file structure-v4.cif (mmCIF, C-alpha atoms)
data_protein
loop_
_atom_site.label_atom_id
_atom_site.label_comp_id
_atom_site.auth_asym_id
_atom_site.auth_seq_id
_atom_site.Cartn_x
_atom_site.Cartn_y
_atom_site.Cartn_z
CA MET A 1 -0.35 204.82 88.13
CA ASP A 2 1.11 203.63 91.42
CA VAL A 3 4.58 202.19 90.85
CA ALA A 4 5.48 202.10 94.53
CA SER A 5 5.59 198.30 94.54
CA GLU A 6 8.21 198.34 91.75
CA VAL A 7 10.43 200.81 93.59
CA GLN A 8 13.48 199.70 95.53
CA LEU A 9 14.62 201.76 98.50
CA ARG A 10 18.19 201.82 99.76
CA ALA A 11 20.63 204.03 101.61
CA ALA A 12 22.01 206.66 99.26
CA THR A 13 25.75 206.88 98.66
CA ALA A 14 28.03 209.56 97.26
CA ALA A 15 27.73 207.82 93.87
CA ASP A 16 24.03 208.83 93.88
CA ALA A 17 24.72 212.55 94.28
CA ALA A 18 24.18 213.52 90.63
CA ALA A 19 20.88 211.61 90.37
CA MET A 20 19.68 213.08 93.66
CA ALA A 21 20.63 216.56 92.47
CA GLU A 22 18.69 216.07 89.26
CA ALA A 23 15.55 215.11 91.22
CA HIS A 24 16.09 217.94 93.70
CA VAL A 25 16.55 220.71 91.13
CA ARG A 26 13.76 219.53 88.81
CA ALA A 27 11.33 219.14 91.73
CA TRP A 28 12.13 222.65 92.94
CA GLN A 29 11.77 224.14 89.46
CA THR A 30 8.39 222.48 88.99
CA ALA A 31 6.80 222.62 92.45
CA PHE A 32 7.82 226.15 93.38
CA ARG A 33 7.29 227.89 90.02
CA GLY A 34 5.05 230.89 90.70
CA ILE A 35 6.01 230.89 94.39
CA VAL A 36 9.75 231.48 94.15
CA PRO A 37 10.91 233.98 91.49
CA GLY A 38 11.42 232.17 88.18
CA GLU A 39 14.90 233.57 87.63
CA ARG A 40 15.99 232.07 90.96
CA LEU A 41 14.60 228.67 89.97
CA ASP A 42 16.14 228.86 86.51
CA ALA A 43 19.51 229.62 88.09
CA LEU A 44 19.53 226.35 90.07
CA ARG A 45 22.24 224.03 88.77
CA VAL A 46 22.34 220.27 89.07
CA GLU A 47 26.16 220.36 89.29
CA ARG A 48 26.14 222.64 92.37
CA SER A 49 23.45 220.56 94.03
CA ALA A 50 25.40 217.36 93.29
CA ASP A 51 28.50 218.80 94.98
CA ARG A 52 26.43 219.51 98.10
CA PHE A 53 25.00 215.98 98.12
CA ARG A 54 28.47 214.47 97.72
CA ARG A 55 29.56 216.32 100.87
CA TYR A 56 26.43 215.18 102.75
CA LEU A 57 26.95 211.58 101.66
CA ALA A 58 30.66 211.37 102.36
CA PRO A 59 31.39 208.70 104.98
CA PRO A 60 30.79 208.18 107.74
CA GLU A 61 26.99 208.23 107.72
CA SER A 62 25.66 210.40 110.49
CA ALA A 63 22.42 210.07 112.43
CA ASP A 64 22.11 213.83 111.96
CA LYS A 65 21.53 213.50 108.22
CA ARG A 66 20.77 210.30 106.33
CA PHE A 67 19.30 209.70 102.91
CA ILE A 68 17.20 206.97 101.33
CA LEU A 69 17.09 206.71 97.54
CA ALA A 70 14.14 205.35 95.56
CA GLU A 71 15.06 203.68 92.31
CA SER A 72 13.58 201.47 89.65
CA GLY A 73 16.25 199.47 87.88
CA ASP A 74 19.08 201.94 87.31
CA LEU A 75 16.78 204.97 87.35
CA ALA A 76 16.80 207.17 90.47
CA LEU A 77 13.27 208.40 91.14
CA GLY A 78 13.74 210.52 94.25
CA PHE A 79 15.06 210.61 97.78
CA VAL A 80 14.32 211.59 101.35
CA GLY A 81 16.76 213.15 103.82
CA PHE A 82 16.12 212.87 107.55
CA GLY A 83 17.78 212.90 110.93
CA ALA A 84 18.26 215.07 113.95
CA THR A 85 16.24 218.25 114.23
CA ARG A 86 17.92 221.49 113.23
CA HIS A 87 15.79 223.64 115.53
CA GLU A 88 16.27 224.67 119.12
CA ASP A 89 12.61 224.99 120.09
CA VAL A 90 12.07 221.21 120.25
CA ASP A 91 13.58 218.45 122.36
CA PRO A 92 16.30 216.86 120.16
CA ALA A 93 16.05 213.59 122.12
CA ARG A 94 12.39 213.18 121.13
CA VAL A 95 11.90 215.15 117.92
CA ALA A 96 13.57 214.38 114.59
CA GLU A 97 13.18 216.05 111.24
CA VAL A 98 12.50 215.07 107.65
CA HIS A 99 14.97 217.48 106.03
CA GLY A 100 13.64 217.07 102.52
CA LEU A 101 11.68 214.75 100.28
CA TYR A 102 12.16 215.16 96.55
CA VAL A 103 10.83 213.06 93.71
CA HIS A 104 11.65 213.86 90.08
CA PRO A 105 8.50 215.41 88.58
CA ALA A 106 8.33 212.60 85.97
CA ASN A 107 7.52 210.29 88.88
CA TRP A 108 5.02 212.40 90.82
CA ARG A 109 1.69 210.88 91.86
CA ARG A 110 2.97 207.33 91.44
CA GLY A 111 3.48 206.40 95.11
CA VAL A 112 7.22 207.11 95.25
CA GLY A 113 7.01 210.03 97.67
CA ARG A 114 4.66 208.11 99.92
CA ARG A 115 7.09 205.17 100.09
CA LEU A 116 10.04 207.47 100.84
CA ARG A 117 8.15 209.35 103.53
CA HIS A 118 7.07 206.09 105.14
CA ALA A 119 10.63 204.73 105.13
CA ALA A 120 11.98 207.86 106.83
CA VAL A 121 9.24 207.82 109.47
CA GLU A 122 9.88 204.14 110.20
CA ARG A 123 13.63 204.70 110.50
CA LEU A 124 13.19 207.68 112.82
CA ALA A 125 10.79 205.70 115.00
CA ALA A 126 13.29 202.83 115.15
CA ASP A 127 15.91 205.36 116.26
CA GLY A 128 13.73 206.12 119.30
CA TYR A 129 12.16 209.43 118.27
CA ASP A 130 8.48 209.89 119.04
CA THR A 131 7.79 212.94 116.85
CA ALA A 132 8.98 214.23 113.50
CA THR A 133 8.79 217.65 111.90
CA LEU A 134 9.27 218.91 108.38
CA TRP A 135 9.11 222.27 106.64
CA THR A 136 7.56 223.36 103.37
CA LEU A 137 6.85 226.64 101.67
CA ALA A 138 3.57 228.01 103.00
CA GLU A 139 2.33 228.86 99.52
CA CYS A 140 3.00 225.42 98.03
CA GLU A 141 -0.46 223.92 98.19
CA ALA A 142 0.58 220.68 96.49
CA SER A 143 3.24 219.78 99.04
CA ARG A 144 1.01 220.83 101.92
CA ALA A 145 -1.81 218.63 100.61
CA PHE A 146 0.62 215.71 100.20
CA TYR A 147 1.77 215.91 103.82
CA GLU A 148 -1.70 216.57 105.24
CA ALA A 149 -3.10 213.53 103.41
CA GLN A 150 -0.51 211.45 105.29
CA GLY A 151 -1.35 212.68 108.77
CA TRP A 152 1.03 215.63 109.14
CA CYS A 153 -0.43 218.74 110.81
CA THR A 154 0.87 222.27 111.03
CA ASP A 155 2.06 223.15 114.52
CA GLY A 156 1.63 226.91 114.17
CA PHE A 157 5.30 227.69 113.60
CA VAL A 158 6.02 229.83 110.53
CA THR A 159 9.39 231.40 109.75
CA PRO A 160 10.82 233.35 106.84
CA TRP A 161 13.27 231.45 104.67
CA GLU A 162 16.15 233.86 104.46
CA ASP A 163 17.80 231.98 101.56
CA TRP A 164 14.71 232.55 99.43
CA ASP A 165 13.84 236.21 99.93
CA GLY A 166 11.99 235.54 103.18
CA ALA A 167 9.38 233.23 101.65
CA PRO A 168 7.38 231.83 104.59
CA LEU A 169 8.02 228.26 105.65
CA VAL A 170 5.43 226.37 107.67
CA ARG A 171 6.35 223.54 109.99
CA TYR A 172 4.46 220.27 110.06
CA ARG A 173 4.57 217.70 112.82
CA ARG A 174 3.37 214.15 113.39
CA SER A 175 3.73 211.42 115.95
CA LEU A 176 5.87 208.50 114.93
CA PRO A 177 4.70 204.91 115.17
CA THR A 178 5.76 203.06 118.26
CA SER A 179 6.86 199.49 118.20
CA GLU A 180 5.04 197.04 120.36
CA PRO A 181 7.20 195.81 123.22
CA GLU A 182 7.87 192.10 123.02
CA SER A 183 5.89 190.27 125.63
CA ASP A 184 7.61 187.95 128.03
CA SER A 185 5.10 185.17 128.32
CA GLY A 186 7.51 182.83 130.05
CA GLN A 187 7.25 180.24 127.29
#
call {"tool": "encode", "arguments": {"input": "structure-v4.cif", "output": "structure tokens"}}
result
Amino acid sequence: MDVASEVQLRAATAADAAAMAEAHVRAWQTAFRGIVPGERLDALRVERSADRFRRYLAPPESADKRFILAESGDLALGFVGFGATRHEDVDPARVAEVHGLYVHPANWRRGVGRRLRHAAVERLAADGYDTATLWTLAECEASRAFYEAQGWCTDGFVTPWEDWDGAPLVRYRRSLPTSEPESDSGQ
């Protein structure tokens, strides 16, 4: 069931940290089970993740890292983080990064992730970037299929994720939409 039309998107605030952490931890524990050791996933704590999000969301908002929250009524469904690239092999004036897109597993396959991804891409394009990248675990077929279905392509860059026992991360890339210049028709 696609609930994307019922979802409201807005800039996340520090008050959203706990809800974002819940989506983040539960998405990790579900999506990466069998890829990342189970004991590592089981050790993830919403409270620790919430503390990290509170620091990220503390004012002032930075173009380096911004977040959009998806909600329905008072229920947070997921979020996307995006901003400046964190990698030195790309031109930071042209290439931005989707730092993470997490939807609580109870809301998967309902259009929420697609709406969040679209909002981030639109915002990055409006900021003047022409390309975006994102990373996902190489072995996570579900996330790879999600991004590929939306026009993201691997760019050949794979790196070990040191925080997770060297699990390989694959980078995806896509061109961002360009806005049509306003015509000056003289009228």
call {"tool": "resolve_selection", "arguments": {"input": "structure-v4.cif", "expression": "the PyMOL selection byres ((chain A and resi 154-170) around 7)", "output": "number ranges by chain"}}
result
A: 135-138, 152-153, 171-173
call {"tool": "residues_around", "arguments": {"input": "structure-v4.cif", "residues": "Trp108 of chain A", "least_positions_apart": "5", "cutoff": "12 Å", "atoms": "only C-alpha atoms", "output": "mmCIF file with C-alpha atoms, in the frame of the given file"}}
result
data_model
loop_
_atom_site.group_PDB
_atom_site.id
_atom_site.type_symbol
_atom_site.label_atom_id
_atom_site.label_comp_id
_atom_site.auth_asym_id
_atom_site.auth_seq_id
_atom_site.Cartn_x
_atom_site.Cartn_y
_atom_site.Cartn_z
ATOM 1 C CA MET A 1 -0.350 204.820 88.130
ATOM 2 C CA ASP A 2 1.110 203.630 91.420
ATOM 3 C CA VAL A 3 4.580 202.190 90.850
ATOM 4 C CA ALA A 4 5.480 202.100 94.530
ATOM 5 C CA ALA A 23 15.550 215.110 91.220
ATOM 6 C CA ARG A 26 13.760 219.530 88.810
ATOM 7 C CA ALA A 27 11.330 219.140 91.730
ATOM 8 C CA THR A 30 8.390 222.480 88.990
ATOM 9 C CA ALA A 31 6.800 222.620 92.450
ATOM 10 C CA LEU A 77 13.270 208.400 91.140
ATOM 11 C CA GLY A 78 13.740 210.520 94.250
ATOM 12 C CA LEU A 101 11.680 214.750 100.280
ATOM 13 C CA TYR A 102 12.160 215.160 96.550
ATOM 14 C CA VAL A 103 10.830 213.060 93.710
ATOM 15 C CA GLY A 113 7.010 210.030 97.670
ATOM 16 C CA ARG A 114 4.660 208.110 99.920
ATOM 17 C CA ARG A 115 7.090 205.170 100.090
ATOM 18 C CA ALA A 142 0.580 220.680 96.490
ATOM 19 C CA SER A 143 3.240 219.780 99.040
ATOM 20 C CA PHE A 146 0.620 215.710 100.200
#
call {"tool": "atom_distance", "arguments": {"input": "structure-v4.cif", "atom1": "atom CA of Gly73 of chain A", "atom2": "atom CA of Val98 of chain A"}}
result
25.5 Å
call {"tool": "atom_distance", "arguments": {"input": "structure-v4.cif", "atom1": "atom CA of Glu6 of chain A", "atom2": "atom CA of Gln29 of chain A"}}
result
26.1 Å
call {"tool": "residues_around", "arguments": {"input": "structure-v4.cif", "residues": "Ala21 of chain A", "least_positions_apart": "4", "cutoff": "8 Å", "atoms": "all atoms listed in the file", "output": "number ranges by chain"}}
result
A: 17, 25, 46-47, 49-50, 53
call {"tool": "resolve_selection", "arguments": {"input": "structure-v4.cif", "expression": "the PyMOL selection byres ((chain A and resi 128) around 12)", "output": "short mmCIF file (atom, residue, chain, number, x, y, z; two decimals) with C-alpha atoms, in the coordinates of the input"}}
result
data_model
loop_
_atom_site.label_atom_id
_atom_site.label_comp_id
_atom_site.auth_asym_id
_atom_site.auth_seq_id
_atom_site.Cartn_x
_atom_site.Cartn_y
_atom_site.Cartn_z
CA ALA A 63 22.42 210.07 112.43
CA GLY A 83 17.78 212.90 110.93
CA ALA A 84 18.26 215.07 113.95
CA PRO A 92 16.30 216.86 120.16
CA ALA A 93 16.05 213.59 122.12
CA ARG A 94 12.39 213.18 121.13
CA VAL A 95 11.90 215.15 117.92
CA ALA A 96 13.57 214.38 114.59
CA VAL A 121 9.24 207.82 109.47
CA GLU A 122 9.88 204.14 110.20
CA ARG A 123 13.63 204.70 110.50
CA LEU A 124 13.19 207.68 112.82
CA ALA A 125 10.79 205.70 115.00
CA ALA A 126 13.29 202.83 115.15
CA ASP A 127 15.91 205.36 116.26
CA TYR A 129 12.16 209.43 118.27
CA ASP A 130 8.48 209.89 119.04
CA THR A 131 7.79 212.94 116.85
CA ALA A 132 8.98 214.23 113.50
CA SER A 175 3.73 211.42 115.95
CA LEU A 176 5.87 208.50 114.93
CA PRO A 177 4.70 204.91 115.17
CA THR A 178 5.76 203.06 118.26
CA SER A 179 6.86 199.49 118.20
#
call {"tool": "axis_aligned_box", "arguments": {"input": "structure-v4.cif", "around": "segment 24-37 of chain A", "padding_each_side": "3 Å", "output": "JSON"}}
result
{"center_x": 10.8, "center_y": 226.0, "center_z": 91.6, "size_x": 17.5, "size_y": 22.0, "size_z": 11.6}
call {"tool": "atom_distance", "arguments": {"input": "structure-v4.cif", "atom1": "atom CA of Glu88 of chain A", "atom2": "atom CA of Arg66 of chain A"}}
result
19.8 Å
call {"tool": "residues_near_point", "arguments": {"input": "structure-v4.cif", "point": "(26.6, 218.2, 98.8)", "cutoff": "12 Å", "atoms": "all atoms listed in the file", "output": "JSON, numbers by chain"}}
result
{"A": [13, 14, 15, 16, 17, 18, 20, 21, 24, 46, 47, 48, 49, 50, 51, 52, 53, 54, 55, 56, 57, 58, 65, 67]}
call {"tool": "build_atoms", "arguments": {"input": "structure-v4.cif", "residues": "segment 83-107 of chain A", "atoms": "N, CA and C atoms", "output": "JSON list (two decimals), keeping the file's coordinate frame"}}
result
[["chain", "number", "residue", "atom", "x", "y", "z"],
["A", 83, "GLY", "N", 16.84, 213.06, 109.82],
["A", 83, "GLY", "CA", 17.78, 212.90, 110.93],
["A", 83, "GLY", "C", 17.43, 213.81, 112.08],
["A", 84, "ALA", "N", 18.46, 214.23, 112.77],
["A", 84, "ALA", "CA", 18.26, 215.07, 113.95],
["A", 84, "ALA", "C", 17.61, 216.40, 113.56],
["A", 85, "THR", "N", 16.85, 216.95, 114.48],
["A", 85, "THR", "CA", 16.24, 218.25, 114.23],
["A", 85, "THR", "C", 17.31, 219.33, 114.13],
["A", 86, "ARG", "N", 17.00, 220.36, 113.38],
["A", 86, "ARG", "CA", 17.92, 221.49, 113.23],
["A", 86, "ARG", "C", 17.44, 222.69, 114.04],
["A", 87, "HIS", "N", 16.43, 222.51, 114.87],
["A", 87, "HIS", "CA", 15.79, 223.64, 115.53],
["A", 87, "HIS", "C", 15.85, 223.52, 117.05],
["A", 88, "GLU", "N", 16.06, 224.65, 117.68],
["A", 88, "GLU", "CA", 16.27, 224.67, 119.12],
["A", 88, "GLU", "C", 14.99, 224.71, 119.95],
["A", 89, "ASP", "N", 13.84, 224.88, 119.32],
["A", 89, "ASP", "CA", 12.61, 224.99, 120.09],
["A", 89, "ASP", "C", 11.95, 223.64, 120.38],
["A", 90, "VAL", "N", 12.61, 222.55, 119.99],
["A", 90, "VAL", "CA", 12.07, 221.21, 120.25],
["A", 90, "VAL", "C", 13.13, 220.38, 120.97],
["A", 91, "ASP", "N", 12.69, 219.34, 121.63],
["A", 91, "ASP", "CA", 13.58, 218.45, 122.36],
["A", 91, "ASP", "C", 14.29, 217.51, 121.37],
["A", 92, "PRO", "N", 15.60, 217.68, 121.15],
["A", 92, "PRO", "CA", 16.30, 216.86, 120.16],
["A", 92, "PRO", "C", 16.36, 215.37, 120.52],
["A", 93, "ALA", "N", 16.07, 215.01, 121.75],
["A", 93, "ALA", "CA", 16.05, 213.59, 122.12],
["A", 93, "ALA", "C", 14.74, 212.93, 121.69],
["A", 94, "ARG", "N", 13.71, 213.73, 121.47],
["A", 94, "ARG", "CA", 12.39, 213.18, 121.13],
["A", 94, "ARG", "C", 11.93, 213.52, 119.71],
["A", 95, "VAL", "N", 12.42, 214.64, 119.19],
["A", 95, "VAL", "CA", 11.90, 215.15, 117.92],
["A", 95, "VAL", "C", 12.99, 215.10, 116.85],
["A", 96, "ALA", "N", 12.68, 214.45, 115.75],
["A", 96, "ALA", "CA", 13.57, 214.38, 114.59],
["A", 96, "ALA", "C", 12.98, 215.23, 113.47],
["A", 97, "GLU", "N", 13.65, 215.22, 112.34],
["A", 97, "GLU", "CA", 13.18, 216.05, 111.24],
["A", 97, "GLU", "C", 13.36, 215.32, 109.91],
["A", 98, "VAL", "N", 12.37, 215.45, 109.05],
["A", 98, "VAL", "CA", 12.50, 215.07, 107.65],
["A", 98, "VAL", "C", 13.03, 216.33, 106.98],
["A", 99, "HIS", "N", 14.30, 216.29, 106.57],
["A", 99, "HIS", "CA", 14.97, 217.48, 106.03],
["A", 99, "HIS", "C", 14.51, 217.81, 104.62],
["A", 100, "GLY", "N", 14.11, 216.83, 103.87],
["A", 100, "GLY", "CA", 13.64, 217.07, 102.52],
["A", 100, "GLY", "C", 13.21, 215.78, 101.86],
["A", 101, "LEU", "N", 12.18, 215.88, 101.04],
["A", 101, "LEU", "CA", 11.68, 214.75, 100.28],
["A", 101, "LEU", "C", 11.47, 215.26, 98.86],
["A", 102, "TYR", "N", 12.22, 214.70, 97.93],
["A", 102, "TYR", "CA", 12.16, 215.16, 96.55],
["A", 102, "TYR", "C", 12.03, 213.98, 95.61],
["A", 103, "VAL", "N", 11.04, 214.06, 94.74],
["A", 103, "VAL", "CA", 10.83, 213.06, 93.71],
["A", 103, "VAL", "C", 10.88, 213.80, 92.38],
["A", 104, "HIS", "N", 11.60, 213.24, 91.41],
["A", 104, "HIS", "CA", 11.65, 213.86, 90.08],
["A", 104, "HIS", "C", 10.22, 214.02, 89.58],
["A", 105, "PRO", "N", 9.88, 215.18, 89.02],
["A", 105, "PRO", "CA", 8.50, 215.41, 88.58],
["A", 105, "PRO", "C", 7.95, 214.35, 87.63],
["A", 106, "ALA", "N", 8.80, 213.67, 86.86],
["A", 106, "ALA", "CA", 8.33, 212.60, 85.97],
["A", 106, "ALA", "C", 7.73, 211.44, 86.75],
["A", 107, "ASN", "N", 8.00, 211.40, 88.05],
["A", 107, "ASN", "CA", 7.52, 210.29, 88.88],
["A", 107, "ASN", "C", 6.53, 210.72, 89.95]]
